[in-house]
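Worksheet for the structure shown next.
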Amino acid sequence: MSGLMKVMALLLLLAPVGSAGAAAAPVTLRFSESAPGSALPSGWKFYAMSRHPAVARMAIVRDGNDQVFNIDARHASGAIAHVLDLPAATTLSWRWKVDHSVAKANLSKKSGDDFAARVYVFFDVPRSRLSWLQRMKLRVASRSLGHPIPTAALCYVWDNRHPVGTIAPNAFTHLVRTIVLQSGDAHAGTWQLQQRDLAADFRTAFGRAAPRVTGIALASDTDNTGGHVTAWFGDLTLTPAAAPSATPEAGQ
């Protein structure tokens, strides 16, 4: 090996892994590697989303050759959440399935705020940017539900009748925007793949740049409208985008 080749090889060995513009490693939240039962994979916690006392049955179950997360909501709500710390420029991919949509749901009314399946993504909006009334409501909700309430969230839903692509404020709080990804029963009973650009969706829904991603939650609920619905969720993958490379100054 020539002297020049040795120097190049040494530089390669000493170079840091990755480079400016390289993307962070994807984060995959797996249910497929868990045993069936009520125990949740590491990092997931049960998450109260309603003051109603009825809690849906939640468990890891087998579906074909895979293990998936299942929520069986009979006049009840159920959710689990996972803390994250990721850049806004992240792509979220997952698959979900429901047995049917919630027939009496109406996303514009509190009494109709039920969905066969939801995927929440939480964002780190500073509380200083919220109004006094919004901060007060968050404190009250946090005490009532027993956990911190996110300062902003996107809520991807399997709705009953609104067109796919509908974006609307949550009936309870304008700190959450609902985005319809599936609607009705045309795809009920079959796995549906979803992929979302979180930063782009946040900007479209809220009209401003997205802050960092702080968490994710999976949910299904019929506590406002009654009835019975079942939802299944497969593994989720969050892939941060590559950071923009620095542009060299002229003459360098």
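Ligands are numbered from 1 in the order shown, chains are lettered A, B, ... in the order of the structure tokens, and residues start at 1 in each chain.
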
*asked:* Taking 2 positions as the minimum chain separation for residues in the same chain, which residues sit within 8 Å of Ala105 of chain A when counting only C-alpha atoms? Answer as a PyMOL selection string.
replied: chain A and resi 102-103+107+112-115+159-160+225

*Spatial neighbours of Leu92 of chain A, 9 Å, only C-alpha atoms, chain gap at least 4 places, as a ChimeraX atom specification*: /A:194-198,236-240

Pull C-alpha atoms from the residues just selected and write them as a tab-separated table (two decimals), in the first residue's frame.
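Generated file (out.tsv):
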```
chain	number	residue	atom	x	y	z
A	194	GLN	CA	-49.91	5.09	6.28
A	195	GLN	CA	-46.93	7.39	5.87
A	196	ARG	CA	-46.89	11.03	6.96
A	197	ASP	CA	-44.47	13.94	6.81
A	198	LEU	CA	-44.95	15.31	10.33
A	236	LEU	CA	-44.48	2.18	13.88
A	237	THR	CA	-41.33	3.69	12.35
A	238	LEU	CA	-40.19	7.30	12.72
A	239	THR	CA	-37.49	8.35	10.28
A	240	PRO	CA	-35.82	11.74	10.82
```

*Name the closest residue to Leu29 of chain A among the candidates A:Ile71, A:Ala79, A:Ala59, A:Leu218; distances are taken between atoms, counting only C-alpha atoms.*
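That would be A:Leu218, the residue with the smallest distance to Leu29 of chain A.
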
*Between atom CA of Thr222 of chain A and atom CA of Asp63 of chain A, what is the spacing in Å?*
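Atom-to-atom, atom CA of Asp63 of chain A and atom CA of Thr222 of chain A are spaced 22.8 Å apart.
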
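Take the candidates A:Ala25, A:Leu86, A:Val98, A:Leu181 and check each one against Asp72 of chain A using only C-alpha atoms; the shortest distance goes to A:Val98.
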